[in-house]
$ cat upload-v7.txt   # compact mmCIF, C-alpha atoms and all ligand atoms
# COMPACT_ATOMS: atom_id res chain seq x y z
CA SER G 973 11.84 19.34 -42.87
CA ASN G 974 14.61 16.73 -42.88
CA GLU G 975 13.45 15.00 -39.73
CA ILE G 976 13.18 11.25 -39.92
CA VAL G 977 9.80 10.22 -38.57
CA ARG G 978 9.03 6.57 -37.85
CA GLN G 979 5.89 5.94 -39.87
CA SER G 980 2.73 5.02 -38.02
CA ASP G 981 0.37 2.38 -39.40
CA PHE G 982 -2.58 4.35 -38.10
CA PRO G 983 -4.13 7.57 -39.38
CA ILE G 984 -3.68 10.69 -37.22
CA PRO G 985 -7.09 11.37 -35.61
CA ALA G 986 -8.88 14.58 -36.62
CA GLY G 987 -8.17 17.62 -34.46
CA VAL G 988 -4.90 16.21 -33.14
CA HIS G 989 -1.39 17.51 -33.79
CA ALA G 990 1.30 14.97 -34.77
CA GLU G 991 4.55 16.34 -33.29
CA THR G 992 8.15 15.15 -33.43
CA VAL G 993 10.18 14.05 -30.41
CA VAL G 994 13.24 16.30 -30.14
CA SER G 995 14.96 14.80 -27.07
CA VAL G 996 14.42 12.29 -24.28
CA LYS G 997 16.13 12.12 -20.90
CA HIS G 998 15.83 9.19 -18.49
CA HIS G 999 16.38 10.44 -14.95
CA THR G 1000 15.77 7.22 -12.99
CA ASP G 1001 14.15 3.81 -13.63
CA ARG G 1002 10.84 5.48 -12.80
CA LEU G 1003 11.16 8.97 -14.31
CA PHE G 1004 11.88 10.53 -17.70
CA SER G 1005 11.35 13.82 -19.49
CA PHE G 1006 11.07 14.62 -23.18
CA ARG G 1007 10.71 17.54 -25.54
CA ILE G 1008 8.61 17.67 -28.71
CA SER G 1009 8.10 20.20 -31.48
CA ARG G 1010 5.38 22.80 -30.85
CA PRO G 1011 2.72 23.55 -33.45
CA GLN G 1012 2.68 27.24 -34.38
CA SER G 1013 -1.03 27.46 -33.57
CA PHE G 1014 -0.68 25.83 -30.12
CA ARG G 1015 -1.14 28.44 -27.38
CA PHE G 1016 -1.22 27.75 -23.63
CA ARG G 1017 -0.74 29.48 -20.30
CA SER G 1018 2.28 28.39 -18.24
CA GLY G 1019 1.15 25.75 -15.71
CA GLU G 1020 -1.60 24.22 -17.88
CA PHE G 1021 -1.96 20.60 -19.00
CA VAL G 1022 -2.81 19.02 -22.35
CA MET G 1023 -3.78 15.54 -23.56
CA ILE G 1024 -1.03 13.55 -25.24
CA GLY G 1025 -0.91 10.11 -26.86
CA LEU G 1026 0.94 7.89 -29.34
CA PRO G 1027 -0.04 7.03 -32.94
CA ASN G 1028 -0.04 3.30 -32.13
CA ALA G 1029 -3.74 2.43 -32.38
CA GLU G 1030 -6.87 3.27 -34.32
CA LYS G 1031 -8.17 4.96 -31.15
CA PRO G 1032 -5.03 6.13 -29.31
CA VAL G 1033 -4.92 6.34 -25.51
CA PHE G 1034 -4.60 9.95 -24.34
CA ARG G 1035 -3.47 11.12 -20.89
CA ALA G 1036 -3.41 14.58 -19.31
CA TYR G 1037 0.14 15.91 -18.99
CA SER G 1038 1.25 19.16 -17.45
CA ILE G 1039 3.35 21.15 -19.89
CA ALA G 1040 6.71 21.58 -18.14
CA SER G 1041 8.07 24.20 -20.53
CA PRO G 1042 7.09 27.88 -20.28
CA ALA G 1043 4.63 29.54 -22.69
CA TRP G 1044 7.44 31.34 -24.56
CA ASP G 1045 9.41 28.16 -25.40
CA GLU G 1046 9.37 27.02 -29.02
CA GLU G 1047 9.31 23.36 -27.93
CA LEU G 1048 7.03 21.55 -25.47
CA GLU G 1049 8.53 19.67 -22.51
CA PHE G 1050 6.90 16.94 -20.40
CA TYR G 1051 8.00 15.11 -17.25
CA SER G 1052 6.64 11.63 -16.74
CA ILE G 1053 6.57 8.65 -14.47
CA LYS G 1054 7.00 5.21 -16.08
CA VAL G 1055 4.20 2.89 -15.10
CA PRO G 1056 5.10 -0.73 -16.06
CA ASN G 1057 1.60 -1.60 -17.27
CA GLY G 1058 0.41 1.97 -17.78
CA PRO G 1059 -1.81 2.24 -20.88
CA LEU G 1060 0.27 5.16 -22.20
CA THR G 1061 3.54 5.32 -20.27
CA SER G 1062 4.51 1.67 -20.85
CA GLU G 1063 4.92 2.65 -24.53
CA LEU G 1064 5.71 6.35 -24.14
CA GLN G 1065 8.84 5.56 -22.12
CA LYS G 1066 10.32 3.97 -25.28
CA ILE G 1067 10.17 7.08 -27.50
CA VAL G 1068 13.36 8.30 -29.18
CA PRO G 1069 14.10 11.49 -31.12
CA GLY G 1070 12.28 11.50 -34.45
CA ASP G 1071 9.24 9.57 -33.15
CA THR G 1072 5.74 11.04 -33.32
CA VAL G 1073 3.73 12.11 -30.26
CA LEU G 1074 0.08 13.16 -30.56
CA LEU G 1075 -1.10 16.37 -28.93
CA ARG G 1076 -4.69 17.52 -28.56
CA GLN G 1077 -5.39 21.15 -29.39
CA LYS G 1078 -6.77 22.54 -26.13
CA SER G 1079 -4.84 23.07 -22.92
CA THR G 1080 -6.44 23.87 -19.57
CA GLY G 1081 -5.77 23.88 -15.82
CA THR G 1082 -5.93 25.75 -12.52
CA LEU G 1083 -2.20 26.00 -11.68
CA VAL G 1084 -1.97 29.29 -13.52
CA ASN G 1085 -1.05 32.79 -12.38
CA ASP G 1086 -4.53 33.98 -13.45
CA ALA G 1087 -6.17 31.86 -10.73
CA LEU G 1088 -4.32 33.66 -7.93
CA SER G 1089 -4.55 37.23 -6.71
CA PRO G 1090 -1.24 39.13 -6.59
CA ALA G 1091 0.94 38.84 -3.48
CA LYS G 1092 4.52 39.04 -2.26
CA ARG G 1093 5.41 35.34 -2.25
CA LEU G 1094 4.30 32.33 -4.27
CA TYR G 1095 4.84 28.83 -2.86
CA MET G 1096 4.88 25.98 -5.37
CA ILE G 1097 4.47 22.75 -3.40
CA ALA G 1098 5.26 19.60 -5.41
CA THR G 1099 5.70 15.89 -4.80
CA GLY G 1100 6.99 13.50 -7.48
CA THR G 1101 6.02 14.49 -11.02
CA GLY G 1102 3.92 17.29 -9.49
CA ILE G 1103 6.89 19.55 -10.19
CA ALA G 1104 6.04 19.61 -13.93
CA PRO G 1105 3.63 22.59 -14.00
CA PHE G 1106 6.03 24.50 -11.76
CA ALA G 1107 8.89 23.84 -14.17
CA SER G 1108 6.78 25.84 -16.62
CA LEU G 1109 5.79 28.66 -14.25
CA VAL G 1110 9.22 29.14 -12.68
CA ARG G 1111 10.64 29.81 -16.17
CA ASP G 1112 7.93 32.33 -17.14
CA PRO G 1113 8.75 36.04 -16.61
CA ASP G 1114 5.02 36.70 -15.97
CA THR G 1115 5.34 34.82 -12.67
CA TYR G 1116 8.00 37.28 -11.53
CA GLU G 1117 5.88 40.21 -12.58
CA LYS G 1118 3.11 39.02 -10.28
CA PHE G 1119 5.19 37.81 -7.31
CA ASP G 1120 8.39 39.16 -5.72
CA GLU G 1121 9.55 35.76 -4.52
CA ILE G 1122 9.04 32.13 -5.49
CA VAL G 1123 9.51 29.16 -3.16
CA LEU G 1124 9.61 25.85 -5.01
CA THR G 1125 9.43 22.78 -2.78
CA ASN G 1126 9.84 19.30 -4.21
CA THR G 1127 9.55 16.14 -2.13
CA CYS G 1128 10.53 12.76 -3.53
CA ARG G 1129 11.23 9.34 -2.11
CA ASP G 1130 14.97 9.41 -2.78
CA VAL G 1131 17.73 11.80 -3.83
CA ALA G 1132 17.94 10.49 -7.43
CA GLU G 1133 14.32 11.52 -7.99
CA LEU G 1134 15.19 15.14 -7.21
CA ALA G 1135 17.45 15.34 -10.31
CA TYR G 1136 14.88 16.88 -12.66
CA GLY G 1137 14.16 19.72 -10.23
CA ASP G 1138 17.83 20.22 -9.40
CA GLU G 1139 18.66 20.56 -13.11
CA LEU G 1140 15.68 22.83 -13.68
CA ILE G 1141 16.84 25.27 -11.01
CA ALA G 1142 20.51 25.15 -12.07
CA GLY G 1143 19.44 25.79 -15.69
CA LEU G 1144 17.15 28.63 -14.66
CA ARG G 1145 19.89 30.39 -12.72
CA ALA G 1146 22.33 30.03 -15.63
CA ASP G 1147 19.78 31.05 -18.29
CA PRO G 1148 20.93 34.03 -20.38
CA LEU G 1149 17.32 35.23 -20.84
CA ILE G 1150 15.83 35.03 -17.34
CA GLY G 1151 18.75 34.16 -15.04
CA GLU G 1152 19.14 37.79 -14.08
CA LEU G 1153 15.41 38.31 -13.52
CA VAL G 1154 15.17 35.38 -11.08
CA ALA G 1155 18.45 36.01 -9.22
CA GLY G 1156 17.81 36.04 -5.45
CA ARG G 1157 14.06 35.58 -5.97
CA VAL G 1158 13.77 31.80 -6.34
CA HIS G 1159 14.13 29.65 -3.23
CA TYR G 1160 14.43 25.95 -4.01
CA TYR G 1161 13.54 23.54 -1.19
CA PRO G 1162 14.02 19.87 -2.08
CA THR G 1163 13.33 17.12 0.47
CA THR G 1164 13.42 13.32 0.55
CA THR G 1165 11.38 10.88 2.61
CA ARG G 1166 12.87 7.40 2.11
CA GLU G 1167 16.56 8.23 1.88
CA ASP G 1168 18.69 10.70 3.81
CA GLY G 1169 19.49 13.80 1.80
CA GLU G 1170 20.17 17.49 2.34
CA ARG G 1171 16.74 17.73 3.99
CA THR G 1172 14.34 14.98 4.94
CA GLY G 1173 10.63 14.75 5.64
CA ARG G 1174 7.26 15.20 4.00
CA ILE G 1175 6.45 18.82 3.20
CA THR G 1176 3.32 18.52 5.36
CA THR G 1177 5.49 17.66 8.36
CA LEU G 1178 7.86 20.54 7.58
CA ILE G 1179 4.94 22.99 7.30
CA GLU G 1180 3.32 21.77 10.54
CA SER G 1181 6.56 21.90 12.52
CA GLY G 1182 7.36 25.34 11.10
CA LYS G 1183 10.74 24.10 9.84
CA LEU G 1184 9.99 25.12 6.24
CA PHE G 1185 9.45 28.72 7.36
CA SER G 1186 12.36 28.90 9.81
CA ASP G 1187 14.68 27.44 7.15
CA LEU G 1188 13.51 30.14 4.72
CA GLY G 1189 13.62 32.84 7.38
CA VAL G 1190 10.00 33.87 6.81
CA ALA G 1191 6.74 33.90 8.79
CA PRO G 1192 4.23 31.02 8.34
CA PHE G 1193 1.58 31.15 5.56
CA ASP G 1194 -0.32 34.44 5.69
CA PRO G 1195 -3.12 35.38 3.26
CA ALA G 1196 -1.83 38.97 3.30
CA SER G 1197 1.48 38.02 1.70
CA ASP G 1198 1.44 34.40 0.50
CA ARG G 1199 -0.08 32.39 -2.33
CA VAL G 1200 0.23 28.62 -2.75
CA MET G 1201 0.03 26.21 -5.67
CA ILE G 1202 -0.18 22.49 -4.83
CA CYS G 1203 0.51 19.55 -7.16
CA GLY G 1204 0.87 15.91 -6.12
CA SER G 1205 -1.16 12.80 -5.28
CA LEU G 1206 -4.76 13.05 -4.08
CA ASP G 1207 -3.64 12.35 -0.50
CA MET G 1208 -0.89 14.95 -0.69
CA ILE G 1209 -3.28 17.57 -2.07
CA ARG G 1210 -5.81 16.86 0.69
CA ASP G 1211 -3.19 17.14 3.43
CA VAL G 1212 -1.43 20.28 2.14
CA LYS G 1213 -4.76 21.94 1.38
CA ALA G 1214 -5.91 21.38 4.98
CA LEU G 1215 -2.76 23.11 6.23
CA VAL G 1216 -3.04 26.18 3.99
CA GLU G 1217 -6.75 26.51 4.79
CA LYS G 1218 -5.90 26.40 8.49
CA SER G 1219 -3.74 29.47 7.81
CA GLY G 1220 -6.76 31.27 6.33
CA LEU G 1221 -5.95 30.92 2.63
CA VAL G 1222 -8.94 30.59 0.30
CA GLU G 1223 -9.06 28.35 -2.79
CA GLY G 1224 -9.06 30.18 -6.12
CA SER G 1225 -9.99 29.32 -9.70
CA ASN G 1226 -9.78 30.86 -13.15
CA ALA G 1227 -13.24 32.37 -12.59
CA ALA G 1228 -12.52 33.59 -9.06
CA PRO G 1229 -8.81 34.16 -8.36
CA ALA G 1230 -7.85 33.80 -4.68
CA ASP G 1231 -5.05 32.51 -2.41
CA PHE G 1232 -4.29 28.92 -3.42
CA VAL G 1233 -4.94 26.39 -6.19
CA VAL G 1234 -4.51 22.62 -6.48
CA GLU G 1235 -4.14 20.02 -9.21
CA ARG G 1236 -3.45 16.30 -9.26
CA ALA G 1237 -0.05 15.23 -10.59
CA PHE G 1238 0.06 12.88 -13.53
CA VAL G 1239 -0.45 9.25 -12.51
CA GLY G 1240 0.17 7.05 -15.52
P1 LIG X 1301 6.51 9.06 1.63
O1 LIG X 1301 7.78 8.45 1.16
O2 LIG X 1301 6.50 9.31 3.10
O3 LIG X 1301 5.29 8.29 1.18
P2 LIG X 1301 5.18 9.04 -4.60
O4 LIG X 1301 6.50 8.73 -5.27
O5 LIG X 1301 4.55 7.88 -3.92
O6 LIG X 1301 4.23 9.79 -5.49
O7 LIG X 1301 5.53 10.05 -3.42
C1 LIG X 1301 6.22 11.23 -3.67
C2 LIG X 1301 6.52 11.89 -2.36
O8 LIG X 1301 5.31 12.39 -1.79
C3 LIG X 1301 7.12 10.95 -1.33
O9 LIG X 1301 8.24 11.60 -0.76
C4 LIG X 1301 6.01 10.75 -0.35
O10 LIG X 1301 6.42 10.54 0.98
C5 LIG X 1301 5.27 12.06 -0.42
N1 LIG X 1301 3.88 11.96 0.02
C6 LIG X 1301 3.03 10.94 -0.18
N2 LIG X 1301 1.84 11.17 0.37
C7 LIG X 1301 1.92 12.38 0.97
C8 LIG X 1301 1.00 13.18 1.72
N3 LIG X 1301 -0.24 12.77 1.97
N4 LIG X 1301 1.43 14.38 2.15
C9 LIG X 1301 2.70 14.78 1.92
N5 LIG X 1301 3.60 14.08 1.22
C10 LIG X 1301 3.22 12.89 0.75

$ encode --input "upload-v7.txt" --output "structure tokens" --more "lines below"
Ligand code: A2P
Amino acid sequence: SNEIVRQSDFPIPAGVHAETVVSVKHHTDRLFSFRISRPQSFRFRSGEFVMIGLPNAEKPVFRAYSIASPAWDEELEFYSIKVPNGPLTSELQKIVPGDTVLLRQKSTGTLVNDALSPAKRLYMIATGTGIAPFASLVRDPDTYEKFDEIVLTNTCRDVAELAYGDELIAGLRADPLIGELVAGRVHYYPTTTREDGERTGRITTLIESGKLFSDLGVAPFDPASDRVMICGSLDMIRDVKALVEKSGLVEGSNAAPADFVVERAFVG
């Protein structure tokens, strides 16, 4: 290929793919997303995560990242926070097209369609970078084969941090391949907590008050019709999980699919 790759002084570790950065987008001071080439042999299920690193040390630092692109995409997309002294993100935030990113070979995770039993409606509840696995799933036709309707909630501190999700949904609706499939079936519900926006409040508050459901015009969580995926901080997961369990939903896994699944969002 003609791609210009900045040479690394370190050998690529065995069993690791060295991939090329295709594009980088800085959304705020704290958030960026990037796309890299995808090895032909790299298979994953939409919603899974993989370990990524940089070729900047003999023993590179790897971190678990949700793959934000769907399984059919020929590139891999990631959405990341920038942690000032983060062992990986302090350097990763500087990547430019043509740079090399390391990718381990195996992906895994519980935020996958296989870990849920079929139902009418799938709620994807995200805070911060927790939207990444849902950016994958919401663009995968398999998700629409399993569920009639998708509700994607995303709660961030301020309006600027909602940009990645806003663009994701706008792009999905305009997509020539799946735009038609998703029409009228995706409900996007962004909220902010530290700045006034279209809607304000933590998703936990909006679930407890019933406002989420009245805004959507649906009944509260019901194991007969609803499935839930949760991705955010440990505190957020604990609090949302308590609410869905109160509604009678049972936690699922790859081995035993059920009503809801949880995973921690990337931290740095
Ligand atoms: P808040 O501003 O009230 O803390 P962060 O950027 O710190 O990861 O937070 C992302 C979003 O998640 C913020 O809007 C934050 O609200 C919200 N959040 C933090 N903790 C919880 C929780 N335990 N339950 C629900 N939402 C939470």

$ residues_near_ligand --input "upload-v7.txt" --ligand "ligand LIG 1301 (chain X)" --cutoff "6 Å" --atoms "only C-alpha atoms and all ligand atoms" --output "PyMOL selection string"
chain G and resi 1099-1100+1127-1129+1164-1166+1174-1176+1207-1208+1211

$ atom_distance --input "upload-v7.txt" --atom1 "atom CA of Phe1006 of chain G" --atom2 "atom CA of Glu1049 of chain G"
5.7 Å

$ closest_residue --input "upload-v7.txt" --among "G:Lys1078, G:Arg1002, G:Arg1111, G:Lys1092" --to "Ala1040 of chain G" --atoms "all atoms listed in the file"
G:Arg1111

$ atom_distance --input "upload-v7.txt" --atom1 "atom CA of Leu1140 of chain G" --atom2 "atom CA of Gly1058 of chain G"
26.2 Å

$ closest_residue --input "upload-v7.txt" --among "G:Phe1016, G:Lys1218, G:Thr1000, G:Pro1105" --to "Val1131 of chain G" --atoms "only C-alpha atoms"
G:Thr1000

$ closest_residue --input "upload-v7.txt" --among "G:Leu1153, G:Ile1179, G:Leu1048, G:Ile1024" --to "Ser995 of chain G" --atoms "only C-alpha atoms"
G:Leu1048

$ closest_residue --input "upload-v7.txt" --among "G:Thr1082, G:Gly1220, G:Ala1230, G:Ala1132" --to "Glu1167 of chain G" --atoms "only C-alpha atoms"
G:Ala1132

$ closest_residue --input "upload-v7.txt" --among "G:Ser1181, G:Thr992, G:Thr1101, G:Thr1163" --to "Pro1027 of chain G" --atoms "all atoms listed in the file"
G:Thr992

$ residues_around --input "upload-v7.txt" --residues "Leu1206 of chain G" --least-positions-apart "4" --cutoff "9 Å" --atoms "only C-alpha atoms" --output "ChimeraX atom specification"
/G:1210-1211,1235-1237

$ residues_near_point --input "upload-v7.txt" --point "(-1.0, 24.8, 6.6)" --cutoff "12 Å" --atoms "only C-alpha atoms" --output "MDAnalysis selection string"
chainID G and resid 1095 1097 1175:1182 1184:1185 1192:1195 1198:1200 1202 1209:1222 1232

$ closest_residue --input "upload-v7.txt" --among "G:Ser1205, G:Val1239, G:Leu1109, G:Met1023" --to "Pro1056 of chain G" --atoms "only C-alpha atoms"
G:Val1239

$ residues_around --input "upload-v7.txt" --residues "Ser1197 of chain G" --least-positions-apart "5" --cutoff "9 Å" --atoms "all atoms listed in the file" --output "VMD selection string"
chain G and resid 1090 to 1094

$ atom_distance --input "upload-v7.txt" --atom1 "atom CA of Asp1112 of chain G" --atom2 "atom CA of Val1084 of chain G"
11.0 Å

$ residues_around --input "upload-v7.txt" --residues "Glu1063 of chain G" --least-positions-apart "6" --cutoff "10 Å" --atoms "all atoms listed in the file" --output "PyMOL selection string"
chain G and resi 1025-1026+1028+1054-1057

$ residues_around --input "upload-v7.txt" --residues "Phe1238 of chain G" --least-positions-apart "4" --cutoff "8 Å" --atoms "only C-alpha atoms" --output "MDAnalysis selection string"
chainID G and resid 1036:1038 1052:1053 1101:1102

$ residues_near_point --input "upload-v7.txt" --point "(-8.1, 20.8, -29.1)" --cutoff "7 Å" --atoms "only C-alpha atoms" --output "list of chain:residue names"
G:Gly987, G:Val988, G:Arg1076, G:Gln1077, G:Lys1078

$ residues_around --input "upload-v7.txt" --residues "Ala990 of chain G" --least-positions-apart "5" --cutoff "12 Å" --atoms "all atoms listed in the file" --output "ChimeraX atom specification"
/G:977-980,982-985,1008-1011,1014,1024-1027,1070-1077

$ decode --input "upload-v7.txt" --residues "segment 1030-1064 of chain G" --atoms "N, CA and C atoms" --output "compact mmCIF listing (two decimals), in the first residue's frame"
# COMPACT_ATOMS: atom_id res chain seq x y z
N GLU G 1030 8.89 -1.19 24.42
CA GLU G 1030 9.22 -2.61 24.28
C GLU G 1030 8.01 -3.45 24.68
N LYS G 1031 7.41 -3.08 25.83
CA LYS G 1031 6.18 -3.74 26.31
C LYS G 1031 5.06 -2.71 26.31
N PRO G 1032 4.33 -2.58 25.19
CA PRO G 1032 3.32 -1.52 25.09
C PRO G 1032 2.20 -1.67 26.12
N VAL G 1033 1.63 -0.54 26.53
CA VAL G 1033 0.46 -0.53 27.40
C VAL G 1033 -0.77 -0.81 26.54
N PHE G 1034 -1.58 -1.78 26.97
CA PHE G 1034 -2.83 -2.07 26.25
C PHE G 1034 -4.02 -1.73 27.15
N ARG G 1035 -5.09 -1.24 26.54
CA ARG G 1035 -6.33 -0.97 27.27
C ARG G 1035 -7.50 -1.56 26.50
N ALA G 1036 -8.54 -1.96 27.25
CA ALA G 1036 -9.75 -2.51 26.63
C ALA G 1036 -10.60 -1.39 26.05
N TYR G 1037 -10.90 -1.49 24.77
CA TYR G 1037 -11.74 -0.48 24.10
C TYR G 1037 -12.91 -1.16 23.43
N SER G 1038 -14.10 -0.65 23.66
CA SER G 1038 -15.25 -1.12 22.89
C SER G 1038 -15.05 -0.74 21.44
N ILE G 1039 -15.39 -1.64 20.55
CA ILE G 1039 -15.35 -1.33 19.12
C ILE G 1039 -16.66 -0.60 18.81
N ALA G 1040 -16.55 0.63 18.29
CA ALA G 1040 -17.73 1.46 18.07
C ALA G 1040 -18.33 1.26 16.68
N SER G 1041 -17.59 0.61 15.81
CA SER G 1041 -18.10 0.33 14.46
C SER G 1041 -18.80 -1.03 14.46
N PRO G 1042 -19.75 -1.23 13.52
CA PRO G 1042 -20.45 -2.51 13.45
C PRO G 1042 -19.60 -3.61 12.82
N ALA G 1043 -20.00 -4.86 13.01
CA ALA G 1043 -19.22 -6.02 12.56
C ALA G 1043 -19.01 -6.04 11.04
N TRP G 1044 -19.90 -5.36 10.28
CA TRP G 1044 -19.78 -5.42 8.82
C TRP G 1044 -18.83 -4.37 8.27
N ASP G 1045 -18.41 -3.41 9.09
CA ASP G 1045 -17.59 -2.28 8.62
C ASP G 1045 -16.18 -2.74 8.26
N GLU G 1046 -15.61 -2.20 7.20
CA GLU G 1046 -14.26 -2.63 6.82
C GLU G 1046 -13.17 -1.90 7.61
N GLU G 1047 -13.56 -0.88 8.38
CA GLU G 1047 -12.61 -0.24 9.31
C GLU G 1047 -13.08 -0.49 10.74
N LEU G 1048 -12.22 -0.16 11.70
CA LEU G 1048 -12.59 -0.26 13.12
C LEU G 1048 -12.62 1.15 13.71
N GLU G 1049 -13.69 1.46 14.44
CA GLU G 1049 -13.83 2.78 15.05
C GLU G 1049 -13.78 2.67 16.57
N PHE G 1050 -13.19 3.66 17.23
CA PHE G 1050 -13.12 3.70 18.69
C PHE G 1050 -13.46 5.11 19.16
N TYR G 1051 -14.04 5.18 20.37
CA TYR G 1051 -14.42 6.47 20.95
C TYR G 1051 -13.76 6.53 22.32
N SER G 1052 -13.00 7.59 22.56
CA SER G 1052 -12.15 7.60 23.75
C SER G 1052 -12.20 8.89 24.52
N ILE G 1053 -12.01 8.75 25.83
CA ILE G 1053 -11.79 9.90 26.68
C ILE G 1053 -10.29 10.20 26.62
N LYS G 1054 -9.91 11.45 26.91
CA LYS G 1054 -8.49 11.80 27.00
C LYS G 1054 -8.17 11.99 28.48
N VAL G 1055 -7.34 11.14 29.01
CA VAL G 1055 -6.95 11.28 30.41
C VAL G 1055 -5.56 11.90 30.43
N PRO G 1056 -5.39 13.10 31.03
CA PRO G 1056 -4.12 13.83 30.97
C PRO G 1056 -2.89 12.96 31.28
N ASN G 1057 -2.96 12.17 32.36
CA ASN G 1057 -1.81 11.33 32.67
C ASN G 1057 -2.11 9.85 32.44
N GLY G 1058 -3.12 9.58 31.62
CA GLY G 1058 -3.50 8.19 31.35
C GLY G 1058 -2.36 7.46 30.65
N PRO G 1059 -2.03 6.24 31.09
CA PRO G 1059 -0.91 5.50 30.51
C PRO G 1059 -1.04 5.31 29.00
N LEU G 1060 -2.24 5.15 28.49
CA LEU G 1060 -2.42 5.03 27.04
C LEU G 1060 -2.96 6.32 26.42
N THR G 1061 -4.03 6.87 26.99
CA THR G 1061 -4.72 7.96 26.28
C THR G 1061 -3.91 9.26 26.22
N SER G 1062 -2.96 9.46 27.14
CA SER G 1062 -2.14 10.67 27.07
C SER G 1062 -1.36 10.70 25.75
N GLU G 1063 -0.99 9.53 25.24
CA GLU G 1063 -0.29 9.42 23.96
C GLU G 1063 -1.26 9.18 22.80
N LEU G 1064 -2.27 8.34 23.06
CA LEU G 1064 -3.20 7.97 21.99
C LEU G 1064 -3.92 9.19 21.43
